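Peer 1: Here you go, this is target_34.pdb (PDB, C-alpha atoms).
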ATOM      1  CA  ASN A   1     -23.316  -2.028  17.941  1.00  0.00           C
ATOM      2  CA  GLY A   2     -26.885  -3.036  17.067  1.00  0.00           C
ATOM      3  CA  TYR A   3     -30.287  -4.032  18.397  1.00  0.00           C
ATOM      4  CA  LEU A   4     -31.014  -7.255  20.264  1.00  0.00           C
ATOM      5  CA  HIS A   5     -32.439 -10.204  18.304  1.00  0.00           C
ATOM      6  CA  LEU A   6     -34.060 -13.492  19.376  1.00  0.00           C
ATOM      7  CA  GLY A   7     -30.706 -15.203  19.899  1.00  0.00           C
ATOM      8  CA  HIS A   8     -29.743 -12.477  22.350  1.00  0.00           C
ATOM      9  CA  ALA A   9     -33.054 -12.948  24.179  1.00  0.00           C
ATOM     10  CA  LYS A  10     -32.219 -16.593  24.860  1.00  0.00           C
ATOM     11  CA  SER A  11     -28.768 -15.671  26.156  1.00  0.00           C
ATOM     12  CA  VAL A  12     -30.113 -12.870  28.354  1.00  0.00           C
ATOM     13  CA  ASN A  13     -32.689 -15.138  29.982  1.00  0.00           C
ATOM     14  CA  LEU A  14     -30.155 -17.924  30.515  1.00  0.00           C
ATOM     15  CA  ASN A  15     -27.614 -15.610  32.151  1.00  0.00           C
ATOM     16  CA  TYR A  16     -30.080 -13.891  34.454  1.00  0.00           C
ATOM     17  CA  GLY A  17     -31.919 -17.142  35.186  1.00  0.00           C
ATOM     18  CA  ILE A  18     -28.795 -19.025  36.272  1.00  0.00           C
ATOM     19  CA  ALA A  19     -27.598 -16.115  38.409  1.00  0.00           C
ATOM     20  CA  LYS A  20     -30.988 -15.906  40.126  1.00  0.00           C
ATOM     21  CA  GLU A  21     -31.210 -19.667  40.709  1.00  0.00           C
ATOM     22  CA  TYR A  22     -27.776 -19.889  42.315  1.00  0.00           C
ATOM     23  CA  GLY A  23     -27.751 -16.593  44.189  1.00  0.00           C
ATOM     24  CA  GLY A  24     -25.293 -14.886  41.868  1.00  0.00           C
ATOM     25  CA  VAL A  25     -25.335 -11.598  40.000  1.00  0.00           C
ATOM     26  CA  THR A  26     -25.192 -10.701  36.330  1.00  0.00           C
ATOM     27  CA  ASN A  27     -23.255  -7.752  34.946  1.00  0.00           C
ATOM     28  CA  MET A  28     -24.434  -5.591  32.063  1.00  0.00           C
ATOM     29  CA  ARG A  29     -21.361  -4.873  29.944  1.00  0.00           C
ATOM     30  CA  PHE A  30     -21.218  -3.385  26.475  1.00  0.00           C
ATOM     31  CA  ASP A  31     -18.491  -4.405  24.065  1.00  0.00           C
ATOM     32  CA  ASP A  32     -17.513  -1.015  22.650  1.00  0.00           C
ATOM     33  CA  THR A  33     -14.186  -1.980  21.089  1.00  0.00           C
ATOM     34  CA  ASN A  34     -15.174  -0.881  17.573  1.00  0.00           C
ATOM     35  CA  PRO A  35     -15.901   2.869  17.594  1.00  0.00           C
ATOM     36  CA  VAL A  36     -17.063   2.845  13.970  1.00  0.00           C
ATOM     37  CA  LYS A  37     -20.159   0.752  14.708  1.00  0.00           C
ATOM     38  CA  GLU A  38     -21.292   2.094  18.081  1.00  0.00           C
ATOM     39  CA  ASP A  39     -24.172   4.421  18.846  1.00  0.00           C
ATOM     40  CA  GLN A  40     -25.868   5.537  22.058  1.00  0.00           C
ATOM     41  CA  GLU A  41     -29.201   4.592  20.471  1.00  0.00           C
ATOM     42  CA  TYR A  42     -28.172   0.932  20.563  1.00  0.00           C
ATOM     43  CA  VAL A  43     -27.106   1.185  24.200  1.00  0.00           C
ATOM     44  CA  ASP A  44     -30.421   2.702  25.281  1.00  0.00           C
ATOM     45  CA  SER A  45     -32.403   0.162  23.255  1.00  0.00           C
ATOM     46  CA  ILE A  46     -30.498  -2.823  24.677  1.00  0.00           C
ATOM     47  CA  LYS A  47     -30.949  -1.649  28.268  1.00  0.00           C
ATOM     48  CA  GLU A  48     -34.683  -1.193  27.685  1.00  0.00           C
ATOM     49  CA  ASP A  49     -35.028  -4.624  26.084  1.00  0.00           C
ATOM     50  CA  VAL A  50     -33.127  -6.368  28.898  1.00  0.00           C
ATOM     51  CA  ARG A  51     -35.342  -4.719  31.512  1.00  0.00           C
ATOM     52  CA  TRP A  52     -38.407  -5.983  29.633  1.00  0.00           C
ATOM     53  CA  LEU A  53     -37.021  -9.495  29.155  1.00  0.00           C
ATOM     54  CA  VAL A  54     -36.027  -9.941  32.793  1.00  0.00           C
ATOM     55  CA  SER A  55     -38.690  -7.990  34.703  1.00  0.00           C
ATOM     56  CA  GLY A  56     -41.499  -7.700  32.155  1.00  0.00           C
ATOM     57  CA  SER A  57     -41.420  -3.904  32.091  1.00  0.00           C
ATOM     58  CA  THR A  58     -39.221  -1.389  30.280  1.00  0.00           C
ATOM     59  CA  ASP A  59     -39.711   0.971  33.231  1.00  0.00           C
ATOM     60  CA  GLY A  60     -38.802  -1.581  35.883  1.00  0.00           C
ATOM     61  CA  PRO A  61     -35.659  -1.574  38.041  1.00  0.00           C
ATOM     62  CA  ASP A  62     -32.353  -2.426  36.438  1.00  0.00           C
ATOM     63  CA  PRO A  63     -31.896  -6.211  36.759  1.00  0.00           C
ATOM     64  CA  TRP A  64     -28.124  -6.103  36.407  1.00  0.00           C
ATOM     65  CA  ASP A  65     -25.645  -5.758  39.249  1.00  0.00           C
ATOM     66  CA  GLY A  66     -24.332  -2.258  39.935  1.00  0.00           C
ATOM     67  CA  GLU A  67     -23.510   0.240  37.227  1.00  0.00           C
ATOM     68  CA  VAL A  68     -23.545  -0.558  33.531  1.00  0.00           C
ATOM     69  CA  ARG A  69     -20.027  -1.488  32.416  1.00  0.00           C
ATOM     70  CA  HIS A  70     -18.223  -0.915  29.137  1.00  0.00           C
ATOM     71  CA  ALA A  71     -15.124  -2.574  27.737  1.00  0.00           C
ATOM     72  CA  SER A  72     -13.772   0.960  27.323  1.00  0.00           C
ATOM     73  CA  ASP A  73     -13.710   1.296  31.125  1.00  0.00           C
ATOM     74  CA  TYR A  74     -10.658  -0.959  30.984  1.00  0.00           C
ATOM     75  CA  PHE A  75      -8.837   0.390  27.925  1.00  0.00           C
ATOM     76  CA  GLU A  76      -5.853   1.550  29.970  1.00  0.00           C
ATOM     77  CA  THR A  77      -5.457  -1.864  31.616  1.00  0.00           C
ATOM     78  CA  PHE A  78      -5.789  -3.607  28.238  1.00  0.00           C
ATOM     79  CA  TYR A  79      -3.008  -1.383  26.925  1.00  0.00           C
ATOM     80  CA  GLU A  80      -0.719  -2.107  29.878  1.00  0.00           C
ATOM     81  CA  ALA A  81      -1.417  -5.833  29.537  1.00  0.00           C
ATOM     82  CA  ALA A  82      -0.500  -5.660  25.851  1.00  0.00           C
ATOM     83  CA  LYS A  83       2.785  -3.959  26.716  1.00  0.00           C
ATOM     84  CA  TRP A  84       3.469  -6.668  29.287  1.00  0.00           C
ATOM     85  CA  LEU A  85       2.870  -9.358  26.650  1.00  0.00           C
ATOM     86  CA  ILE A  86       5.320  -7.587  24.345  1.00  0.00           C
ATOM     87  CA  SER A  87       7.897  -7.388  27.144  1.00  0.00           C
ATOM     88  CA  LYS A  88       7.644 -11.171  27.578  1.00  0.00           C
ATOM     89  CA  ASP A  89       7.985 -11.744  23.828  1.00  0.00           C
ATOM     90  CA  LEU A  90       4.387 -12.976  23.691  1.00  0.00           C
ATOM     91  CA  ALA A  91       3.201 -10.308  21.244  1.00  0.00           C
ATOM     92  CA  TYR A  92       4.683  -8.413  18.314  1.00  0.00           C
ATOM     93  CA  VAL A  93       3.852  -5.563  15.963  1.00  0.00           C
ATOM     94  CA  GLU A  94       2.804  -6.780  12.529  1.00  0.00           C
ATOM     95  CA  GLU A  95       3.309  -4.847   9.291  1.00  0.00           C
ATOM     96  CA  LEU A  96       1.857  -7.307   6.788  1.00  0.00           C
ATOM     97  CA  SER A  97      -1.236  -6.061   4.969  1.00  0.00           C
ATOM     98  CA  ALA A  98      -4.623  -7.611   5.739  1.00  0.00           C
ATOM     99  CA  ASP A  99      -4.459  -9.643   2.523  1.00  0.00           C
ATOM    100  CA  GLU A 100      -0.952 -10.851   3.337  1.00  0.00           C
ATOM    101  CA  MET A 101      -2.011 -11.843   6.853  1.00  0.00           C
ATOM    102  CA  ARG A 102      -4.851 -13.923   5.424  1.00  0.00           C
ATOM    103  CA  GLU A 103      -2.411 -15.635   3.067  1.00  0.00           C
ATOM    104  CA  TYR A 104       0.080 -16.370   5.853  1.00  0.00           C
ATOM    105  CA  ARG A 105      -2.682 -17.640   8.143  1.00  0.00           C
ATOM    106  CA  GLY A 106      -3.169 -20.833   6.160  1.00  0.00           C
ATOM    107  CA  THR A 107      -6.394 -22.822   5.916  1.00  0.00           C
ATOM    108  CA  LEU A 108      -8.294 -25.437   7.888  1.00  0.00           C
ATOM    109  CA  LYS A 109      -6.235 -28.080   6.085  1.00  0.00           C
ATOM    110  CA  GLU A 110      -2.896 -26.256   5.844  1.00  0.00           C
ATOM    111  CA  PRO A 111      -0.830 -24.708   8.660  1.00  0.00           C
ATOM    112  CA  GLY A 112      -0.021 -21.040   8.628  1.00  0.00           C
ATOM    113  CA  ARG A 113       3.386 -19.477   8.128  1.00  0.00           C
ATOM    114  CA  ASN A 114       5.260 -17.211  10.488  1.00  0.00           C
ATOM    115  CA  SER A 115       5.197 -13.544   9.588  1.00  0.00           C
ATOM    116  CA  PRO A 116       8.581 -12.025   8.669  1.00  0.00           C
ATOM    117  CA  PHE A 117       7.935  -9.584  11.538  1.00  0.00           C
ATOM    118  CA  ARG A 118       7.229 -12.293  14.125  1.00  0.00           C
ATOM    119  CA  ASP A 119      10.785 -12.447  15.452  1.00  0.00           C
ATOM    120  CA  ARG A 120      11.514  -8.745  15.538  1.00  0.00           C
ATOM    121  CA  PRO A 121      13.132  -7.687  18.837  1.00  0.00           C
ATOM    122  CA  LYS A 122      10.625  -7.055  21.595  1.00  0.00           C
ATOM    123  CA  GLU A 123      12.162  -3.625  22.156  1.00  0.00           C
ATOM    124  CA  GLU A 124      11.327  -2.716  18.569  1.00  0.00           C
ATOM    125  CA  SER A 125       7.751  -3.964  18.931  1.00  0.00           C
ATOM    126  CA  MET A 126       7.374  -2.003  22.171  1.00  0.00           C
ATOM    127  CA  ASP A 127       8.570   1.194  20.508  1.00  0.00           C
ATOM    128  CA  LEU A 128       6.250   0.706  17.537  1.00  0.00           C
ATOM    129  CA  PHE A 129       3.260  -0.107  19.737  1.00  0.00           C
ATOM    130  CA  GLU A 130       3.747   3.021  21.836  1.00  0.00           C
ATOM    131  CA  ARG A 131       4.017   5.042  18.629  1.00  0.00           C
ATOM    132  CA  MET A 132       0.840   3.370  17.357  1.00  0.00           C
ATOM    133  CA  ARG A 133      -0.958   4.765  20.387  1.00  0.00           C
ATOM    134  CA  ALA A 134       0.632   8.169  19.836  1.00  0.00           C
ATOM    135  CA  GLY A 135      -0.959   8.283  16.387  1.00  0.00           C
ATOM    136  CA  GLU A 136       2.199   8.164  14.275  1.00  0.00           C
ATOM    137  CA  PHE A 137       0.928   5.560  11.787  1.00  0.00           C
ATOM    138  CA  GLU A 138      -1.943   5.306   9.326  1.00  0.00           C
ATOM    139  CA  ASP A 139      -5.016   3.168   9.909  1.00  0.00           C
ATOM    140  CA  GLY A 140      -4.384  -0.405   8.836  1.00  0.00           C
ATOM    141  CA  SER A 141      -0.624   0.012   8.490  1.00  0.00           C
ATOM    142  CA  MET A 142       0.185  -2.030  11.611  1.00  0.00           C
ATOM    143  CA  CYS A 143      -1.447  -4.183  14.242  1.00  0.00           C
ATOM    144  CA  LEU A 144      -0.365  -5.969  17.398  1.00  0.00           C
ATOM    145  CA  ARG A 145      -0.534  -9.770  17.322  1.00  0.00           C
ATOM    146  CA  ALA A 146      -0.197 -12.428  20.004  1.00  0.00           C
ATOM    147  CA  LYS A 147       2.682 -14.832  19.442  1.00  0.00           C
ATOM    148  CA  ILE A 148       1.101 -18.267  19.868  1.00  0.00           C
ATOM    149  CA  ASP A 149       1.292 -20.977  17.183  1.00  0.00           C
ATOM    150  CA  MET A 150       0.888 -20.466  13.439  1.00  0.00           C
ATOM    151  CA  SER A 151       0.672 -24.238  12.919  1.00  0.00           C
ATOM    152  CA  SER A 152      -2.175 -24.765  15.390  1.00  0.00           C
ATOM    153  CA  SER A 153      -5.162 -26.747  14.132  1.00  0.00           C
ATOM    154  CA  ASN A 154      -7.317 -24.059  15.777  1.00  0.00           C
ATOM    155  CA  MET A 155      -7.301 -21.052  13.451  1.00  0.00           C
ATOM    156  CA  ASN A 156      -8.014 -18.727  16.387  1.00  0.00           C
ATOM    157  CA  MET A 157      -4.617 -19.586  17.881  1.00  0.00           C
ATOM    158  CA  ARG A 158      -2.624 -18.561  14.813  1.00  0.00           C
ATOM    159  CA  ASP A 159      -1.202 -15.326  16.172  1.00  0.00           C
ATOM    160  CA  PRO A 160      -4.507 -13.421  16.476  1.00  0.00           C
ATOM    161  CA  ALA A 161      -4.590  -9.639  16.379  1.00  0.00           C
ATOM    162  CA  LEU A 162      -4.813  -7.837  19.723  1.00  0.00           C
ATOM    163  CA  TYR A 163      -4.917  -4.209  18.583  1.00  0.00           C
ATOM    164  CA  ARG A 164      -5.578  -2.311  15.368  1.00  0.00           C
ATOM    165  CA  ILE A 165      -5.199   1.339  14.444  1.00  0.00           C
ATOM    166  CA  ARG A 166      -8.585   2.981  13.920  1.00  0.00           C
ATOM    167  CA  ARG A 167      -9.177   6.709  13.998  1.00  0.00           C
ATOM    168  CA  ALA A 168     -12.790   7.305  14.958  1.00  0.00           C
ATOM    169  CA  THR A 169     -14.519   9.210  17.719  1.00  0.00           C
ATOM    170  CA  HIS A 170     -15.589   6.771  20.429  1.00  0.00           C
ATOM    171  CA  VAL A 171     -18.997   7.177  22.072  1.00  0.00           C
ATOM    172  CA  MET A 172     -17.440   6.902  25.564  1.00  0.00           C
ATOM    173  CA  THR A 173     -13.793   7.971  25.240  1.00  0.00           C
ATOM    174  CA  GLY A 174     -14.007  10.518  22.430  1.00  0.00           C
ATOM    175  CA  ASP A 175     -10.703  10.909  20.604  1.00  0.00           C
ATOM    176  CA  LYS A 176      -8.449   9.726  23.432  1.00  0.00           C
ATOM    177  CA  TRP A 177      -7.521   6.513  21.610  1.00  0.00           C
ATOM    178  CA  CYS A 178      -6.567   5.734  18.026  1.00  0.00           C
ATOM    179  CA  ILE A 179      -5.816   2.059  18.706  1.00  0.00           C
ATOM    180  CA  TYR A 180      -8.528  -0.340  19.811  1.00  0.00           C
ATOM    181  CA  PRO A 181      -8.419  -3.866  21.259  1.00  0.00           C
ATOM    182  CA  MET A 182      -9.976  -6.801  19.446  1.00  0.00           C
ATOM    183  CA  TYR A 183     -13.052  -8.478  20.938  1.00  0.00           C
ATOM    184  CA  ASP A 184     -11.408 -11.791  21.931  1.00  0.00           C
ATOM    185  CA  TYR A 185      -8.691  -9.938  23.835  1.00  0.00           C
ATOM    186  CA  ALA A 186     -10.991  -7.423  25.538  1.00  0.00           C
ATOM    187  CA  HIS A 187     -13.748  -9.891  26.406  1.00  0.00           C
ATOM    188  CA  CYS A 188     -11.741 -12.262  28.590  1.00  0.00           C
ATOM    189  CA  LEU A 189      -9.785  -9.519  30.352  1.00  0.00           C
ATOM    190  CA  SER A 190     -13.009  -7.623  31.083  1.00  0.00           C
ATOM    191  CA  ASP A 191     -14.387 -10.794  32.668  1.00  0.00           C
ATOM    192  CA  ALA A 192     -11.269 -11.130  34.806  1.00  0.00           C
ATOM    193  CA  LEU A 193     -11.269  -7.488  35.888  1.00  0.00           C
ATOM    194  CA  GLU A 194     -14.917  -7.723  36.946  1.00  0.00           C
ATOM    195  CA  GLY A 195     -14.392 -10.947  38.876  1.00  0.00           C
ATOM    196  CA  ILE A 196     -16.689 -12.930  36.600  1.00  0.00           C
ATOM    197  CA  THR A 197     -16.735 -16.631  37.495  1.00  0.00           C
ATOM    198  CA  HIS A 198     -18.851 -18.008  34.638  1.00  0.00           C
ATOM    199  CA  SER A 199     -18.718 -16.431  31.184  1.00  0.00           C
ATOM    200  CA  LEU A 200     -21.565 -18.023  29.212  1.00  0.00           C
ATOM    201  CA  CYS A 201     -21.273 -17.942  25.428  1.00  0.00           C
ATOM    202  CA  THR A 202     -23.144 -19.494  22.545  1.00  0.00           C
ATOM    203  CA  LEU A 203     -21.665 -22.528  20.835  1.00  0.00           C
ATOM    204  CA  GLU A 204     -19.935 -20.609  18.039  1.00  0.00           C
ATOM    205  CA  PHE A 205     -17.387 -19.429  20.615  1.00  0.00           C
ATOM    206  CA  GLU A 206     -16.295 -22.960  21.525  1.00  0.00           C
ATOM    207  CA  ASP A 207     -13.202 -22.721  19.314  1.00  0.00           C
ATOM    208  CA  HIS A 208     -12.395 -19.368  20.923  1.00  0.00           C
ATOM    209  CA  ARG A 209     -12.120 -20.846  24.422  1.00  0.00           C
ATOM    210  CA  PRO A 210      -8.432 -21.891  24.076  1.00  0.00           C
ATOM    211  CA  LEU A 211      -7.632 -18.291  23.139  1.00  0.00           C
ATOM    212  CA  TYR A 212      -9.719 -16.980  26.048  1.00  0.00           C
ATOM    213  CA  ASP A 213      -7.735 -19.233  28.391  1.00  0.00           C
ATOM    214  CA  TRP A 214      -4.393 -18.273  26.819  1.00  0.00           C
ATOM    215  CA  PHE A 215      -4.987 -14.552  27.310  1.00  0.00           C
ATOM    216  CA  VAL A 216      -6.193 -14.942  30.896  1.00  0.00           C
ATOM    217  CA  ASP A 217      -3.425 -17.332  31.930  1.00  0.00           C
ATOM    218  CA  LYS A 218      -0.680 -15.149  30.466  1.00  0.00           C
ATOM    219  CA  VAL A 219      -1.969 -11.828  31.803  1.00  0.00           C
ATOM    220  CA  LEU A 220      -2.522 -13.352  35.261  1.00  0.00           C
ATOM    221  CA  GLU A 221       1.263 -13.582  35.493  1.00  0.00           C
ATOM    222  CA  SER A 222       1.504  -9.802  35.087  1.00  0.00           C
ATOM    223  CA  GLY A 223      -0.526  -9.044  38.211  1.00  0.00           C
ATOM    224  CA  LEU A 224      -2.849  -6.755  36.235  1.00  0.00           C
ATOM    225  CA  ILE A 225      -5.722  -9.188  36.789  1.00  0.00           C
ATOM    226  CA  GLU A 226      -6.387 -11.507  39.722  1.00  0.00           C
ATOM    227  CA  ALA A 227      -9.565 -13.468  38.933  1.00  0.00           C
ATOM    228  CA  ARG A 228      -9.629 -16.589  36.723  1.00  0.00           C
ATOM    229  CA  PRO A 229     -12.952 -16.642  34.843  1.00  0.00           C
ATOM    230  CA  ARG A 230     -14.130 -19.691  32.910  1.00  0.00           C
ATOM    231  CA  GLN A 231     -15.894 -19.639  29.574  1.00  0.00           C
ATOM    232  CA  THR A 232     -18.712 -22.131  29.042  1.00  0.00           C
ATOM    233  CA  GLU A 233     -20.590 -22.564  25.768  1.00  0.00           C
ATOM    234  CA  PHE A 234     -24.224 -23.563  25.278  1.00  0.00           C
ATOM    235  CA  SER A 235     -26.557 -24.120  22.352  1.00  0.00           C
TER     236      SER A 235
END
Here is a file; write its structure as structure tokens.
Peer 2:
Amino acid sequence: NGYLHLGHAKSVNLNYGIAKEYGGVTNMRFDDTNPVKEDQEYVDSIKEDVRWLVSGSTDGPDPWDGEVRHASDYFETFYEAAKWLISKDLAYVEELSADEMREYRGTLKEPGRNSPFRDRPKEESMDLFERMRAGEFEDGSMCLRAKIDMSSSNMNMRDPALYRIRRATHVMTGDKWCIYPMYDYAHCLSDALEGITHSLCTLEFEDHRPLYDWFVDKVLESGLIEARPRQTEFS
């Protein structure tokens, strides 16, 4: 959803360098979970820049392994995994407004509070989630949240959102979807589906690792994914 900057250049070189040194491969995957901010121009620019960074030429061979991947390649699996989480009472449909969710989330010094919708029957959440996909509700009126721990000292573990309603034409999938997965949810499952062993992230994602592990460990039980990737942060 934008052009590469110097921070990306460091990450690109680290990923490709480690893979080359240890005889591994690096995937090129685009996070296209927010249709409002995506554009084919960014995709083409990023691919050109990565070729130049890795091989020294924008016209050189593609340095990544196989075809370019997109998070949207796995939208159907993400959706099925979300339904599985609901069926195990590990996710629920939220109807608080964005402002109310922020209020209930608490602060770094104060624990959050459970949403009044947190304990709704899983059958009700399943019905609402399927109707969210069918387009029955307005943008922003509902979201799907993971049921983890609203009192966690890690803010990322306080029932994070998994899906939101967003009507926008997607650069890859068109108008097929009106609900879209959040980055933290899509990122780890994409890694698992691609058989990634080492997911290298910059240091700001360190507090996201427990959530990464939670999603992977739970969805592994569903059989929808088989690999167990590991996130490692660097600075």
Peer 1: How would you write, as a JSON list (two decimals) with C-alpha atoms, in the frame of the given file, the residues chosen by the PyMOL selection byres ((chain A and resi 146-158) around 8) on this structure?
Peer 2:
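Output file expr20.json follows:
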[["chain", "number", "residue", "atom", "x", "y", "z"],
["A", 85, "LEU", "CA", 2.87, -9.36, 26.65],
["A", 89, "ASP", "CA", 7.98, -11.74, 23.83],
["A", 90, "LEU", "CA", 4.39, -12.98, 23.69],
["A", 91, "ALA", "CA", 3.20, -10.31, 21.24],
["A", 92, "TYR", "CA", 4.68, -8.41, 18.31],
["A", 105, "ARG", "CA", -2.68, -17.64, 8.14],
["A", 107, "THR", "CA", -6.39, -22.82, 5.92],
["A", 108, "LEU", "CA", -8.29, -25.44, 7.89],
["A", 111, "PRO", "CA", -0.83, -24.71, 8.66],
["A", 112, "GLY", "CA", -0.02, -21.04, 8.63],
["A", 113, "ARG", "CA", 3.39, -19.48, 8.13],
["A", 114, "ASN", "CA", 5.26, -17.21, 10.49],
["A", 118, "ARG", "CA", 7.23, -12.29, 14.12],
["A", 144, "LEU", "CA", -0.36, -5.97, 17.40],
["A", 145, "ARG", "CA", -0.53, -9.77, 17.32],
["A", 159, "ASP", "CA", -1.20, -15.33, 16.17],
["A", 160, "PRO", "CA", -4.51, -13.42, 16.48],
["A", 161, "ALA", "CA", -4.59, -9.64, 16.38],
["A", 162, "LEU", "CA", -4.81, -7.84, 19.72],
["A", 207, "ASP", "CA", -13.20, -22.72, 19.31],
["A", 208, "HIS", "CA", -12.40, -19.37, 20.92],
["A", 210, "PRO", "CA", -8.43, -21.89, 24.08],
["A", 211, "LEU", "CA", -7.63, -18.29, 23.14]]
Peer 1: Return the single residue from A:Lys88, A:His5, A:Lys37, A:Arg29 that is closest to Lys218 in chain A, with distances computed using only C-alpha atoms.
Peer 2: A:Lys88
Peer 1: Pick the closest to Asp175 in chain A from A:Ala134, A:Leu224, A:Met126, A:Leu203: which is it, counting all atoms listed in the file?
Peer 2: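 Going through A:Ala134, A:Leu224, A:Met126, A:Leu203 one by one, the smallest distance to Asp175 in chain A is for A:Ala134.
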Peer 1: For this file, the PyMOL selection byres ((chain A and resi 167) around 8) selects which residues, as an MDAnalysis selection string?
Peer 2: chainID A and resid 139 165:166 168:169 175 177:179
Peer 1: Just give me the gap between CA of Asp99 in chain A and CA of Gly135 in chain A in Å, one decimal is fine.
Peer 2: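 CA of Gly135 in chain A lies at a distance of 22.9 Å from CA of Asp99 in chain A.
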Peer 1: Just say which residues the PyMOL selection byres ((chain A and resi 25) around 12) picks in this file, as a list in words.
Peer 2: Asn15, Tyr16, Gly17, Ile18, Ala19, Lys20, Glu21, Tyr22, Gly23, Gly24, Thr26, Asn27, Met28, Pro63, Trp64, Asp65, Gly66, Glu194, Gly195, Ile196, Thr197 and His198 of chain A
Peer 1: Which value, in Å to one decimal, gives the distance between CA of Asn13 in chain A and CA of Tyr74 in chain A?
Peer 2: 26.2 Å
Peer 1: Please return, as number ranges by chain, all polymer residues that have at least one atom within 10 Å of the point (4.0, 0.3, 9.0); use only C-alpha atoms and the file's own coordinate frame.
Peer 2: A: 93-97, 128, 132, 136-143
Peer 1: Give me a file of those residues, with C-alpha atoms, as a tab-separated table (two decimals), in the frame of the given file.
Peer 2:
chain	number	residue	atom	x	y	z
A	93	VAL	CA	3.85	-5.56	15.96
A	94	GLU	CA	2.80	-6.78	12.53
A	95	GLU	CA	3.31	-4.85	9.29
A	96	LEU	CA	1.86	-7.31	6.79
A	97	SER	CA	-1.24	-6.06	4.97
A	128	LEU	CA	6.25	0.71	17.54
A	132	MET	CA	0.84	3.37	17.36
A	136	GLU	CA	2.20	8.16	14.28
A	137	PHE	CA	0.93	5.56	11.79
A	138	GLU	CA	-1.94	5.31	9.33
A	139	ASP	CA	-5.02	3.17	9.91
A	140	GLY	CA	-4.38	-0.40	8.84
A	141	SER	CA	-0.62	0.01	8.49
A	142	MET	CA	0.18	-2.03	11.61
A	143	CYS	CA	-1.45	-4.18	14.24
Peer 1: Suppose you want the space between CA of Arg209 in chain A and CA of Met182 in chain A; what is it in Å?
Peer 2: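 Interatomic distance here is 15.1 Å.
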Peer 1: Could you give me, as a VMD selection string, the residues within 12 Å of Thr173 in chain A, counting all atoms listed in the file and dropping anything in the same chain fewer than 6 positions from it?
Peer 2: chain A and resid 32 to 35 38 70 to 76 179 to 180
Peer 1: Select, from A:Ala98, A:Val216, A:Val171, A:Leu189, the residue with the minimum atom-to-atom distance to Phe78 in chain A, counting all atoms listed in the file.
Peer 2: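 For Phe78 in chain A, the nearest of the candidates is A:Leu189.
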Peer 1: Write out as JSON an axis-aligned box for range 14-20 of chain A: all of its atoms listed in the file, 6 Å added on each side, centre and edge lengths in Å with one decimal.
Peer 2:
{"center_x": -29.8, "center_y": -16.5, "center_z": 35.3, "size_x": 16.3, "size_y": 17.1, "size_z": 21.6}
Peer 1: Can you work out which one of A:Lys83, A:Asp184, A:Arg164, A:Val12 has the shortest atom-to-atom distance to Glu124 in chain A, counting all atoms listed in the file?
Peer 2: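 Nearest candidate to Glu124 in chain A out of A:Lys83, A:Asp184, A:Arg164, A:Val12: A:Lys83.
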Peer 1: Which is closer to Phe205 in chain A than all the others in A:Thr77, A:Ser115, A:Leu14, A:Glu233, using only C-alpha atoms?
Peer 2: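 So, comparing all the options, the nearest one is A:Glu233.
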Peer 1: So, counting only C-alpha atoms, which residue among A:Phe117, A:Glu110, A:Phe215, A:Ile86 is closest to Tyr183 in chain A?
Peer 2: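 Smallest separation from Tyr183 in chain A among the options: A:Phe215.
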